[in-house]
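This report concerns only the one structure given below.
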Amino acid sequence: YQKPYLAAILRRGGHPLFVGRALADNLEHWGLGDDSRGWSAAGLIRYRSRRDLVECILLPQFQDIHPFKEQAVEKTFAYPTQV
């Protein structure tokens with residue numbers, strides 16, 4: 001999901017604010033089983049505008065992969081990271 005989406009954001013003036021590697025396993029997880037463990041990195045993206053975000057979401061190439069993002073919003077887990 002990240003690679004094609006990040007390319008679209010960069011073309012619209014957005015950029016990563018934070019990218020960090022996991023320092024440990026999950027400290028907590030809600031709505032997820034143990035299969036949520038094992039993440040290795042996290043990132044935070046700055047969008048130039050909400051319009052850019054919506055335009056990226058509506059791009060045809062993301063219609064097949066966007067459900068993965070929607071499913072992720074329903075679930076939460078936390079783990080420590082380092083830049």
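So you can find residues: chains in the structure tokens are A, B, ... in the order shown, residues in each start at 1, and ligands are numbered from 1 in order.
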
As a ChimeraX atom specification, please: every residue in chain A that a backbone DSSP assignment puts in strand (DSSP E or B). /A:15-22,28-30,41-46,76-78,81-82

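Residues with any atom within 9 Å of segment 47-59 of chain A, counting only C-alpha atoms and excluding same-chain neighbours fewer than 6 positions away, are A:Tyr5, A:Ala8, A:Ile9, A:Leu10, A:Arg12, A:Gly13, A:Gly14, A:His15, A:Pro16, A:His66.
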
Atoms kept (N, CA and C atoms) for selection, written as a PDB file, in the first residue's frame:
ATOM      1  N   TYR A   5       1.107   4.727  -2.935  1.00  0.00           N
ATOM      2  CA  TYR A   5       0.420   5.851  -2.298  1.00  0.00           C
ATOM      3  C   TYR A   5       1.403   6.982  -2.001  1.00  0.00           C
ATOM      4  N   ALA A   8       2.192   9.040  -5.056  1.00  0.00           N
ATOM      5  CA  ALA A   8       1.112   9.977  -5.398  1.00  0.00           C
ATOM      6  C   ALA A   8       1.126  11.194  -4.471  1.00  0.00           C
ATOM      7  N   ILE A   9       1.400  10.990  -3.196  1.00  0.00           N
ATOM      8  CA  ILE A   9       1.446  12.096  -2.235  1.00  0.00           C
ATOM      9  C   ILE A   9       2.616  13.026  -2.546  1.00  0.00           C
ATOM     10  N   LEU A  10       3.780  12.465  -2.830  1.00  0.00           N
ATOM     11  CA  LEU A  10       4.955  13.294  -3.128  1.00  0.00           C
ATOM     12  C   LEU A  10       4.719  14.168  -4.355  1.00  0.00           C
ATOM     13  N   ARG A  12       2.079  15.511  -5.135  1.00  0.00           N
ATOM     14  CA  ARG A  12       1.138  16.573  -4.756  1.00  0.00           C
ATOM     15  C   ARG A  12       1.677  17.440  -3.619  1.00  0.00           C
ATOM     16  N   GLY A  13       2.947  17.369  -3.332  1.00  0.00           N
ATOM     17  CA  GLY A  13       3.537  18.245  -2.322  1.00  0.00           C
ATOM     18  C   GLY A  13       3.497  17.715  -0.900  1.00  0.00           C
ATOM     19  N   GLY A  14       3.008  16.510  -0.681  1.00  0.00           N
ATOM     20  CA  GLY A  14       3.038  15.921   0.649  1.00  0.00           C
ATOM     21  C   GLY A  14       4.390  15.282   0.900  1.00  0.00           C
ATOM     22  N   HIS A  15       4.663  14.959   2.155  1.00  0.00           N
ATOM     23  CA  HIS A  15       5.935  14.319   2.471  1.00  0.00           C
ATOM     24  C   HIS A  15       5.871  13.632   3.832  1.00  0.00           C
ATOM     25  N   PRO A  16       6.751  12.651   4.037  1.00  0.00           N
ATOM     26  CA  PRO A  16       6.796  11.989   5.345  1.00  0.00           C
ATOM     27  C   PRO A  16       7.308  12.952   6.422  1.00  0.00           C
ATOM     28  N   HIS A  66      -7.336   0.158  -1.282  1.00  0.00           N
ATOM     29  CA  HIS A  66      -7.835   1.039  -0.226  1.00  0.00           C
ATOM     30  C   HIS A  66      -8.566   0.303   0.905  1.00  0.00           C
TER      31      HIS A  66
END

Using only C-alpha atoms, which protein or nucleic acid residues come within 9 Å of segment 19-21 of chain A? Drop anything in the same chain fewer than 3 positions from it, and give the result as a list in words.
Pro16, Trp39, Ser40, Ala41, Ala42, Gly43, Leu44, Ile45, Pro80, Thr81, Gln82 and Val83 of chain A

Between atom CA of Asp64 of chain A and atom CA of Leu32 of chain A lies a distance of 22.7 Å

I need the residues in chain A that are helix (DSSP H, G or I) according to DSSP; give them as a PDB file with all heavy atoms, in the first residue's frame.
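To be explicit, this is the file written out as part_5.pdb:
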ATOM      1  N   GLN A   2       1.934   1.256   0.760  1.00  0.00           N
ATOM      2  CA  GLN A   2       2.724   2.461   0.966  1.00  0.00           C
ATOM      3  C   GLN A   2       3.399   2.980  -0.294  1.00  0.00           C
ATOM      4  O   GLN A   2       3.350   4.177  -0.578  1.00  0.00           O
ATOM      5  CB  GLN A   2       3.780   2.211   2.039  1.00  0.00           C
ATOM      6  CG  GLN A   2       4.741   3.361   2.188  1.00  0.00           C
ATOM      7  CD  GLN A   2       6.102   2.927   2.677  1.00  0.00           C
ATOM      8  OE1 GLN A   2       6.280   1.817   3.108  1.00  0.00           O
ATOM      9  NE2 GLN A   2       7.054   3.817   2.581  1.00  0.00           N
ATOM     10  N   LYS A   3       4.045   2.115  -1.071  1.00  0.00           N
ATOM     11  CA  LYS A   3       4.857   2.586  -2.193  1.00  0.00           C
ATOM     12  C   LYS A   3       4.058   3.362  -3.233  1.00  0.00           C
ATOM     13  O   LYS A   3       4.423   4.486  -3.569  1.00  0.00           O
ATOM     14  CB  LYS A   3       5.624   1.434  -2.819  1.00  0.00           C
ATOM     15  CG  LYS A   3       6.755   0.944  -1.950  1.00  0.00           C
ATOM     16  CD  LYS A   3       7.502  -0.196  -2.592  1.00  0.00           C
ATOM     17  CE  LYS A   3       8.577  -0.695  -1.643  1.00  0.00           C
ATOM     18  NZ  LYS A   3       9.356  -1.768  -2.244  1.00  0.00           N
ATOM     19  N   PRO A   4       2.974   2.830  -3.781  1.00  0.00           N
ATOM     20  CA  PRO A   4       2.242   3.622  -4.780  1.00  0.00           C
ATOM     21  C   PRO A   4       1.570   4.845  -4.175  1.00  0.00           C
ATOM     22  O   PRO A   4       1.480   5.900  -4.799  1.00  0.00           O
ATOM     23  CB  PRO A   4       1.209   2.644  -5.351  1.00  0.00           C
ATOM     24  CG  PRO A   4       1.099   1.550  -4.358  1.00  0.00           C
ATOM     25  CD  PRO A   4       2.408   1.494  -3.630  1.00  0.00           C
ATOM     26  N   TYR A   5       1.107   4.727  -2.935  1.00  0.00           N
ATOM     27  CA  TYR A   5       0.420   5.851  -2.298  1.00  0.00           C
ATOM     28  C   TYR A   5       1.403   6.982  -2.001  1.00  0.00           C
ATOM     29  O   TYR A   5       1.102   8.151  -2.238  1.00  0.00           O
ATOM     30  CB  TYR A   5      -0.273   5.387  -1.017  1.00  0.00           C
ATOM     31  CG  TYR A   5      -1.295   6.367  -0.522  1.00  0.00           C
ATOM     32  CD1 TYR A   5      -2.523   6.474  -1.138  1.00  0.00           C
ATOM     33  CD2 TYR A   5      -1.015   7.206   0.539  1.00  0.00           C
ATOM     34  CE1 TYR A   5      -3.468   7.384  -0.708  1.00  0.00           C
ATOM     35  CE2 TYR A   5      -1.955   8.122   0.984  1.00  0.00           C
ATOM     36  CZ  TYR A   5      -3.176   8.200   0.358  1.00  0.00           C
ATOM     37  OH  TYR A   5      -4.102   9.111   0.786  1.00  0.00           O
ATOM     38  N   LEU A   6       2.578   6.658  -1.494  1.00  0.00           N
ATOM     39  CA  LEU A   6       3.569   7.683  -1.184  1.00  0.00           C
ATOM     40  C   LEU A   6       4.008   8.415  -2.454  1.00  0.00           C
ATOM     41  O   LEU A   6       4.189   9.635  -2.442  1.00  0.00           O
ATOM     42  CB  LEU A   6       4.771   7.068  -0.476  1.00  0.00           C
ATOM     43  CG  LEU A   6       5.802   8.049   0.050  1.00  0.00           C
ATOM     44  CD1 LEU A   6       5.182   9.078   0.985  1.00  0.00           C
ATOM     45  CD2 LEU A   6       6.921   7.309   0.763  1.00  0.00           C
ATOM     46  N   ALA A   7       4.155   7.710  -3.552  1.00  0.00           N
ATOM     47  CA  ALA A   7       4.523   8.355  -4.816  1.00  0.00           C
ATOM     48  C   ALA A   7       3.462   9.386  -5.218  1.00  0.00           C
ATOM     49  O   ALA A   7       3.796  10.494  -5.642  1.00  0.00           O
ATOM     50  CB  ALA A   7       4.698   7.309  -5.910  1.00  0.00           C
ATOM     51  N   ALA A   8       2.192   9.040  -5.056  1.00  0.00           N
ATOM     52  CA  ALA A   8       1.112   9.977  -5.398  1.00  0.00           C
ATOM     53  C   ALA A   8       1.126  11.194  -4.471  1.00  0.00           C
ATOM     54  O   ALA A   8       0.902  12.327  -4.911  1.00  0.00           O
ATOM     55  CB  ALA A   8      -0.239   9.271  -5.318  1.00  0.00           C
ATOM     56  N   ILE A   9       1.400  10.990  -3.196  1.00  0.00           N
ATOM     57  CA  ILE A   9       1.446  12.096  -2.235  1.00  0.00           C
ATOM     58  C   ILE A   9       2.616  13.026  -2.546  1.00  0.00           C
ATOM     59  O   ILE A   9       2.482  14.245  -2.516  1.00  0.00           O
ATOM     60  CB  ILE A   9       1.552  11.537  -0.794  1.00  0.00           C
ATOM     61  CG1 ILE A   9       0.266  10.829  -0.408  1.00  0.00           C
ATOM     62  CG2 ILE A   9       1.879  12.633   0.211  1.00  0.00           C
ATOM     63  CD1 ILE A   9      -0.964  11.690  -0.454  1.00  0.00           C
ATOM     64  N   LEU A  10       3.780  12.465  -2.830  1.00  0.00           N
ATOM     65  CA  LEU A  10       4.955  13.294  -3.128  1.00  0.00           C
ATOM     66  C   LEU A  10       4.719  14.168  -4.355  1.00  0.00           C
ATOM     67  O   LEU A  10       5.135  15.328  -4.379  1.00  0.00           O
ATOM     68  CB  LEU A  10       6.184  12.407  -3.336  1.00  0.00           C
ATOM     69  CG  LEU A  10       6.725  11.723  -2.081  1.00  0.00           C
ATOM     70  CD1 LEU A  10       7.814  10.719  -2.449  1.00  0.00           C
ATOM     71  CD2 LEU A  10       7.240  12.732  -1.072  1.00  0.00           C
ATOM     72  N   ARG A  11       4.040  13.634  -5.366  1.00  0.00           N
ATOM     73  CA  ARG A  11       3.724  14.426  -6.566  1.00  0.00           C
ATOM     74  C   ARG A  11       2.800  15.590  -6.242  1.00  0.00           C
ATOM     75  O   ARG A  11       2.749  16.563  -6.982  1.00  0.00           O
ATOM     76  CB  ARG A  11       3.095  13.535  -7.634  1.00  0.00           C
ATOM     77  CG  ARG A  11       4.102  12.678  -8.369  1.00  0.00           C
ATOM     78  CD  ARG A  11       3.512  12.036  -9.612  1.00  0.00           C
ATOM     79  NE  ARG A  11       2.421  11.122  -9.347  1.00  0.00           N
ATOM     80  CZ  ARG A  11       2.562   9.833  -9.042  1.00  0.00           C
ATOM     81  NH1 ARG A  11       3.768   9.316  -8.942  1.00  0.00           N
ATOM     82  NH2 ARG A  11       1.523   9.078  -8.823  1.00  0.00           N
ATOM     83  N   ASP A  34      -3.243 -11.822  18.283  1.00  0.00           N
ATOM     84  CA  ASP A  34      -1.784 -11.832  18.337  1.00  0.00           C
ATOM     85  C   ASP A  34      -1.138 -11.706  16.957  1.00  0.00           C
ATOM     86  O   ASP A  34       0.061 -11.471  16.855  1.00  0.00           O
ATOM     87  CB  ASP A  34      -1.286 -13.095  19.039  1.00  0.00           C
ATOM     88  CG  ASP A  34      -1.460 -13.009  20.544  1.00  0.00           C
ATOM     89  OD1 ASP A  34      -1.537 -11.872  21.072  1.00  0.00           O
ATOM     90  OD2 ASP A  34      -1.522 -14.064  21.192  1.00  0.00           O
ATOM     91  N   ASP A  35      -1.934 -11.838  15.890  1.00  0.00           N
ATOM     92  CA  ASP A  35      -1.372 -11.690  14.552  1.00  0.00           C
ATOM     93  C   ASP A  35      -0.989 -10.246  14.240  1.00  0.00           C
ATOM     94  O   ASP A  35      -0.423  -9.954  13.205  1.00  0.00           O
ATOM     95  CB  ASP A  35      -2.333 -12.236  13.497  1.00  0.00           C
ATOM     96  CG  ASP A  35      -3.683 -11.531  13.497  1.00  0.00           C
ATOM     97  OD1 ASP A  35      -4.039 -10.903  14.511  1.00  0.00           O
ATOM     98  OD2 ASP A  35      -4.375 -11.618  12.476  1.00  0.00           O
ATOM     99  N   SER A  36      -1.300  -9.306  15.147  1.00  0.00           N
ATOM    100  CA  SER A  36      -0.929  -7.906  14.944  1.00  0.00           C
ATOM    101  C   SER A  36       0.512  -7.643  15.351  1.00  0.00           C
ATOM    102  O   SER A  36       1.023  -6.554  15.157  1.00  0.00           O
ATOM    103  CB  SER A  36      -1.852  -6.991  15.743  1.00  0.00           C
ATOM    104  OG  SER A  36      -1.640  -7.173  17.136  1.00  0.00           O
ATOM    105  N   ARG A  50      -6.306  18.787   2.528  1.00  0.00           N
ATOM    106  CA  ARG A  50      -7.285  17.695   2.566  1.00  0.00           C
ATOM    107  C   ARG A  50      -7.696  17.312   1.156  1.00  0.00           C
ATOM    108  O   ARG A  50      -7.981  16.153   0.871  1.00  0.00           O
ATOM    109  CB  ARG A  50      -8.497  18.108   3.397  1.00  0.00           C
ATOM    110  CG  ARG A  50      -8.216  18.108   4.881  1.00  0.00           C
ATOM    111  CD  ARG A  50      -9.433  18.505   5.630  1.00  0.00           C
ATOM    112  NE  ARG A  50      -9.665  19.926   5.427  1.00  0.00           N
ATOM    113  CZ  ARG A  50      -9.844  20.807   6.397  1.00  0.00           C
ATOM    114  NH1 ARG A  50      -9.874  20.409   7.639  1.00  0.00           N
ATOM    115  NH2 ARG A  50     -10.023  22.073   6.138  1.00  0.00           N
ATOM    116  N   ARG A  51      -7.722  18.296   0.279  1.00  0.00           N
ATOM    117  CA  ARG A  51      -8.075  18.005  -1.112  1.00  0.00           C
ATOM    118  C   ARG A  51      -7.094  17.006  -1.730  1.00  0.00           C
ATOM    119  O   ARG A  51      -7.494  16.083  -2.440  1.00  0.00           O
ATOM    120  CB  ARG A  51      -8.093  19.301  -1.913  1.00  0.00           C
ATOM    121  CG  ARG A  51      -8.453  19.096  -3.361  1.00  0.00           C
ATOM    122  CD  ARG A  51      -8.465  20.399  -4.095  1.00  0.00           C
ATOM    123  NE  ARG A  51      -8.801  20.187  -5.482  1.00  0.00           N
ATOM    124  CZ  ARG A  51      -9.085  21.135  -6.314  1.00  0.00           C
ATOM    125  NH1 ARG A  51      -9.092  22.388  -5.907  1.00  0.00           N
ATOM    126  NH2 ARG A  51      -9.376  20.865  -7.558  1.00  0.00           N
ATOM    127  N   ASP A  52      -5.788  17.205  -1.475  1.00  0.00           N
ATOM    128  CA  ASP A  52      -4.797  16.260  -1.991  1.00  0.00           C
ATOM    129  C   ASP A  52      -5.030  14.856  -1.448  1.00  0.00           C
ATOM    130  O   ASP A  52      -4.907  13.877  -2.169  1.00  0.00           O
ATOM    131  CB  ASP A  52      -3.381  16.709  -1.623  1.00  0.00           C
ATOM    132  CG  ASP A  52      -2.922  17.914  -2.421  1.00  0.00           C
ATOM    133  OD1 ASP A  52      -3.493  18.179  -3.497  1.00  0.00           O
ATOM    134  OD2 ASP A  52      -1.984  18.592  -1.967  1.00  0.00           O
ATOM    135  N   LEU A  53      -5.360  14.767  -0.165  1.00  0.00           N
ATOM    136  CA  LEU A  53      -5.644  13.469   0.444  1.00  0.00           C
ATOM    137  C   LEU A  53      -6.824  12.794  -0.262  1.00  0.00           C
ATOM    138  O   LEU A  53      -6.744  11.636  -0.664  1.00  0.00           O
ATOM    139  CB  LEU A  53      -5.942  13.634   1.929  1.00  0.00           C
ATOM    140  CG  LEU A  53      -6.494  12.406   2.656  1.00  0.00           C
ATOM    141  CD1 LEU A  53      -5.502  11.273   2.634  1.00  0.00           C
ATOM    142  CD2 LEU A  53      -6.877  12.777   4.071  1.00  0.00           C
ATOM    143  N   VAL A  54      -7.901  13.534  -0.452  1.00  0.00           N
ATOM    144  CA  VAL A  54      -9.094  12.976  -1.098  1.00  0.00           C
ATOM    145  C   VAL A  54      -8.789  12.586  -2.541  1.00  0.00           C
ATOM    146  O   VAL A  54      -9.205  11.522  -3.006  1.00  0.00           O
ATOM    147  CB  VAL A  54     -10.273  13.969  -1.016  1.00  0.00           C
ATOM    148  CG1 VAL A  54     -11.435  13.513  -1.872  1.00  0.00           C
ATOM    149  CG2 VAL A  54     -10.705  14.151   0.425  1.00  0.00           C
ATOM    150  N   GLU A  55      -8.044  13.427  -3.259  1.00  0.00           N
ATOM    151  CA  GLU A  55      -7.703  13.097  -4.648  1.00  0.00           C
ATOM    152  C   GLU A  55      -6.905  11.796  -4.724  1.00  0.00           C
ATOM    153  O   GLU A  55      -7.130  10.977  -5.612  1.00  0.00           O
ATOM    154  CB  GLU A  55      -6.919  14.241  -5.290  1.00  0.00           C
ATOM    155  CG  GLU A  55      -7.785  15.430  -5.631  1.00  0.00           C
ATOM    156  CD  GLU A  55      -6.982  16.591  -6.202  1.00  0.00           C
ATOM    157  OE1 GLU A  55      -5.734  16.513  -6.264  1.00  0.00           O
ATOM    158  OE2 GLU A  55      -7.612  17.589  -6.579  1.00  0.00           O
ATOM    159  N   CYS A  56      -5.989  11.604  -3.787  1.00  0.00           N
ATOM    160  CA  CYS A  56      -5.200  10.357  -3.785  1.00  0.00           C
ATOM    161  C   CYS A  56      -6.079   9.155  -3.480  1.00  0.00           C
ATOM    162  O   CYS A  56      -5.932   8.103  -4.101  1.00  0.00           O
ATOM    163  CB  CYS A  56      -4.061  10.458  -2.784  1.00  0.00           C
ATOM    164  SG  CYS A  56      -2.715  11.513  -3.354  1.00  0.00           S
ATOM    165  N   ILE A  57      -6.968   9.303  -2.530  1.00  0.00           N
ATOM    166  CA  ILE A  57      -7.859   8.203  -2.174  1.00  0.00           C
ATOM    167  C   ILE A  57      -8.724   7.800  -3.364  1.00  0.00           C
ATOM    168  O   ILE A  57      -9.027   6.617  -3.548  1.00  0.00           O
ATOM    169  CB  ILE A  57      -8.744   8.590  -0.968  1.00  0.00           C
ATOM    170  CG1 ILE A  57      -7.876   8.687   0.291  1.00  0.00           C
ATOM    171  CG2 ILE A  57      -9.876   7.594  -0.772  1.00  0.00           C
ATOM    172  CD1 ILE A  57      -8.597   9.300   1.473  1.00  0.00           C
ATOM    173  N   PRO A  60      -7.806   5.806  -9.370  1.00  0.00           N
ATOM    174  CA  PRO A  60      -8.234   4.457  -9.753  1.00  0.00           C
ATOM    175  C   PRO A  60      -7.298   3.345  -9.269  1.00  0.00           C
ATOM    176  O   PRO A  60      -7.756   2.273  -8.877  1.00  0.00           O
ATOM    177  CB  PRO A  60      -8.256   4.497 -11.285  1.00  0.00           C
ATOM    178  CG  PRO A  60      -8.390   5.935 -11.637  1.00  0.00           C
ATOM    179  CD  PRO A  60      -7.728   6.694 -10.535  1.00  0.00           C
ATOM    180  N   GLN A  61      -5.998   3.583  -9.251  1.00  0.00           N
ATOM    181  CA  GLN A  61      -5.074   2.522  -8.848  1.00  0.00           C
ATOM    182  C   GLN A  61      -5.184   2.150  -7.372  1.00  0.00           C
ATOM    183  O   GLN A  61      -4.667   1.126  -6.945  1.00  0.00           O
ATOM    184  CB  GLN A  61      -3.617   2.871  -9.202  1.00  0.00           C
ATOM    185  CG  GLN A  61      -3.055   4.061  -8.465  1.00  0.00           C
ATOM    186  CD  GLN A  61      -3.089   5.335  -9.280  1.00  0.00           C
ATOM    187  OE1 GLN A  61      -4.031   5.603  -9.994  1.00  0.00           O
ATOM    188  NE2 GLN A  61      -2.044   6.130  -9.153  1.00  0.00           N
ATOM    189  N   PHE A  62      -5.882   2.948  -6.574  1.00  0.00           N
ATOM    190  CA  PHE A  62      -6.021   2.637  -5.153  1.00  0.00           C
ATOM    191  C   PHE A  62      -7.346   1.978  -4.798  1.00  0.00           C
ATOM    192  O   PHE A  62      -7.556   1.597  -3.657  1.00  0.00           O
ATOM    193  CB  PHE A  62      -5.833   3.894  -4.306  1.00  0.00           C
ATOM    194  CG  PHE A  62      -4.461   4.475  -4.453  1.00  0.00           C
ATOM    195  CD1 PHE A  62      -4.282   5.707  -5.025  1.00  0.00           C
ATOM    196  CD2 PHE A  62      -3.354   3.762  -4.051  1.00  0.00           C
ATOM    197  CE1 PHE A  62      -3.027   6.237  -5.192  1.00  0.00           C
ATOM    198  CE2 PHE A  62      -2.084   4.272  -4.219  1.00  0.00           C
ATOM    199  CZ  PHE A  62      -1.924   5.518  -4.788  1.00  0.00           C
ATOM    200  N   HIS A  66      -7.336   0.158  -1.282  1.00  0.00           N
ATOM    201  CA  HIS A  66      -7.835   1.039  -0.226  1.00  0.00           C
ATOM    202  C   HIS A  66      -8.566   0.303   0.905  1.00  0.00           C
ATOM    203  O   HIS A  66      -8.476   0.735   2.053  1.00  0.00           O
ATOM    204  CB  HIS A  66      -8.710   2.155  -0.790  1.00  0.00           C
ATOM    205  CG  HIS A  66      -9.011   3.202   0.218  1.00  0.00           C
ATOM    206  ND1 HIS A  66      -8.053   4.072   0.680  1.00  0.00           N
ATOM    207  CD2 HIS A  66     -10.144   3.484   0.895  1.00  0.00           C
ATOM    208  CE1 HIS A  66      -8.587   4.852   1.584  1.00  0.00           C
ATOM    209  NE2 HIS A  66      -9.854   4.529   1.732  1.00  0.00           N
ATOM    210  N   PRO A  67      -9.264  -0.786   0.648  1.00  0.00           N
ATOM    211  CA  PRO A  67      -9.889  -1.507   1.771  1.00  0.00           C
ATOM    212  C   PRO A  67      -8.906  -1.897   2.874  1.00  0.00           C
ATOM    213  O   PRO A  67      -9.277  -1.958   4.044  1.00  0.00           O
ATOM    214  CB  PRO A  67     -10.509  -2.740   1.111  1.00  0.00           C
ATOM    215  CG  PRO A  67     -10.812  -2.288  -0.276  1.00  0.00           C
ATOM    216  CD  PRO A  67      -9.667  -1.365  -0.631  1.00  0.00           C
ATOM    217  N   PHE A  68      -7.640  -2.120   2.531  1.00  0.00           N
ATOM    218  CA  PHE A  68      -6.645  -2.428   3.567  1.00  0.00           C
ATOM    219  C   PHE A  68      -6.490  -1.259   4.533  1.00  0.00           C
ATOM    220  O   PHE A  68      -6.359  -1.435   5.739  1.00  0.00           O
ATOM    221  CB  PHE A  68      -5.292  -2.773   2.943  1.00  0.00           C
ATOM    222  CG  PHE A  68      -5.321  -4.028   2.132  1.00  0.00           C
ATOM    223  CD1 PHE A  68      -5.127  -3.988   0.768  1.00  0.00           C
ATOM    224  CD2 PHE A  68      -5.545  -5.271   2.729  1.00  0.00           C
ATOM    225  CE1 PHE A  68      -5.147  -5.145   0.005  1.00  0.00           C
ATOM    226  CE2 PHE A  68      -5.571  -6.433   1.986  1.00  0.00           C
ATOM    227  CZ  PHE A  68      -5.380  -6.373   0.615  1.00  0.00           C
ATOM    228  N   LYS A  69      -6.502  -0.043   4.014  1.00  0.00           N
ATOM    229  CA  LYS A  69      -6.385   1.148   4.856  1.00  0.00           C
ATOM    230  C   LYS A  69      -7.628   1.299   5.727  1.00  0.00           C
ATOM    231  O   LYS A  69      -7.527   1.592   6.919  1.00  0.00           O
ATOM    232  CB  LYS A  69      -6.193   2.389   3.975  1.00  0.00           C
ATOM    233  CG  LYS A  69      -5.978   3.650   4.737  1.00  0.00           C
ATOM    234  CD  LYS A  69      -4.640   3.630   5.429  1.00  0.00           C
ATOM    235  CE  LYS A  69      -4.278   4.996   5.933  1.00  0.00           C
ATOM    236  NZ  LYS A  69      -2.967   5.015   6.555  1.00  0.00           N
ATOM    237  N   GLU A  70      -8.803   1.088   5.151  1.00  0.00           N
ATOM    238  CA  GLU A  70     -10.046   1.202   5.928  1.00  0.00           C
ATOM    239  C   GLU A  70     -10.082   0.189   7.063  1.00  0.00           C
ATOM    240  O   GLU A  70     -10.496   0.504   8.177  1.00  0.00           O
ATOM    241  CB  GLU A  70     -11.249   1.009   5.013  1.00  0.00           C
ATOM    242  CG  GLU A  70     -11.438   2.138   4.026  1.00  0.00           C
ATOM    243  CD  GLU A  70     -12.510   1.837   3.006  1.00  0.00           C
ATOM    244  OE1 GLU A  70     -12.974   0.679   2.913  1.00  0.00           O
ATOM    245  OE2 GLU A  70     -12.888   2.774   2.287  1.00  0.00           O
ATOM    246  N   GLN A  71      -9.632  -1.026   6.807  1.00  0.00           N
ATOM    247  CA  GLN A  71      -9.605  -2.047   7.847  1.00  0.00           C
ATOM    248  C   GLN A  71      -8.630  -1.674   8.958  1.00  0.00           C
ATOM    249  O   GLN A  71      -8.879  -1.935  10.135  1.00  0.00           O
ATOM    250  CB  GLN A  71      -9.219  -3.397   7.255  1.00  0.00           C
ATOM    251  CG  GLN A  71     -10.275  -3.963   6.350  1.00  0.00           C
ATOM    252  CD  GLN A  71      -9.781  -5.177   5.574  1.00  0.00           C
ATOM    253  OE1 GLN A  71      -8.648  -5.618   5.732  1.00  0.00           O
ATOM    254  NE2 GLN A  71     -10.630  -5.697   4.706  1.00  0.00           N
ATOM    255  N   ALA A  72      -7.534  -1.049   8.617  1.00  0.00           N
ATOM    256  CA  ALA A  72      -6.524  -0.679   9.611  1.00  0.00           C
ATOM    257  C   ALA A  72      -7.043   0.387  10.572  1.00  0.00           C
ATOM    258  O   ALA A  72      -6.673   0.400  11.740  1.00  0.00           O
ATOM    259  CB  ALA A  72      -5.264  -0.175   8.913  1.00  0.00           C
ATOM    260  N   VAL A  73      -7.912   1.275  10.108  1.00  0.00           N
ATOM    261  CA  VAL A  73      -8.435   2.337  10.965  1.00  0.00           C
ATOM    262  C   VAL A  73      -9.316   1.765  12.073  1.00  0.00           C
ATOM    263  O   VAL A  73      -9.382   2.320  13.169  1.00  0.00           O
ATOM    264  CB  VAL A  73      -9.201   3.376  10.116  1.00  0.00           C
ATOM    265  CG1 VAL A  73      -9.884   4.402  10.987  1.00  0.00           C
ATOM    266  CG2 VAL A  73      -8.236   4.068   9.163  1.00  0.00           C
TER     267      VAL A  73
END

Here atom CA of Asn26 of chain A and atom CA of Arg46 of chain A stand apart by 24.5 Å
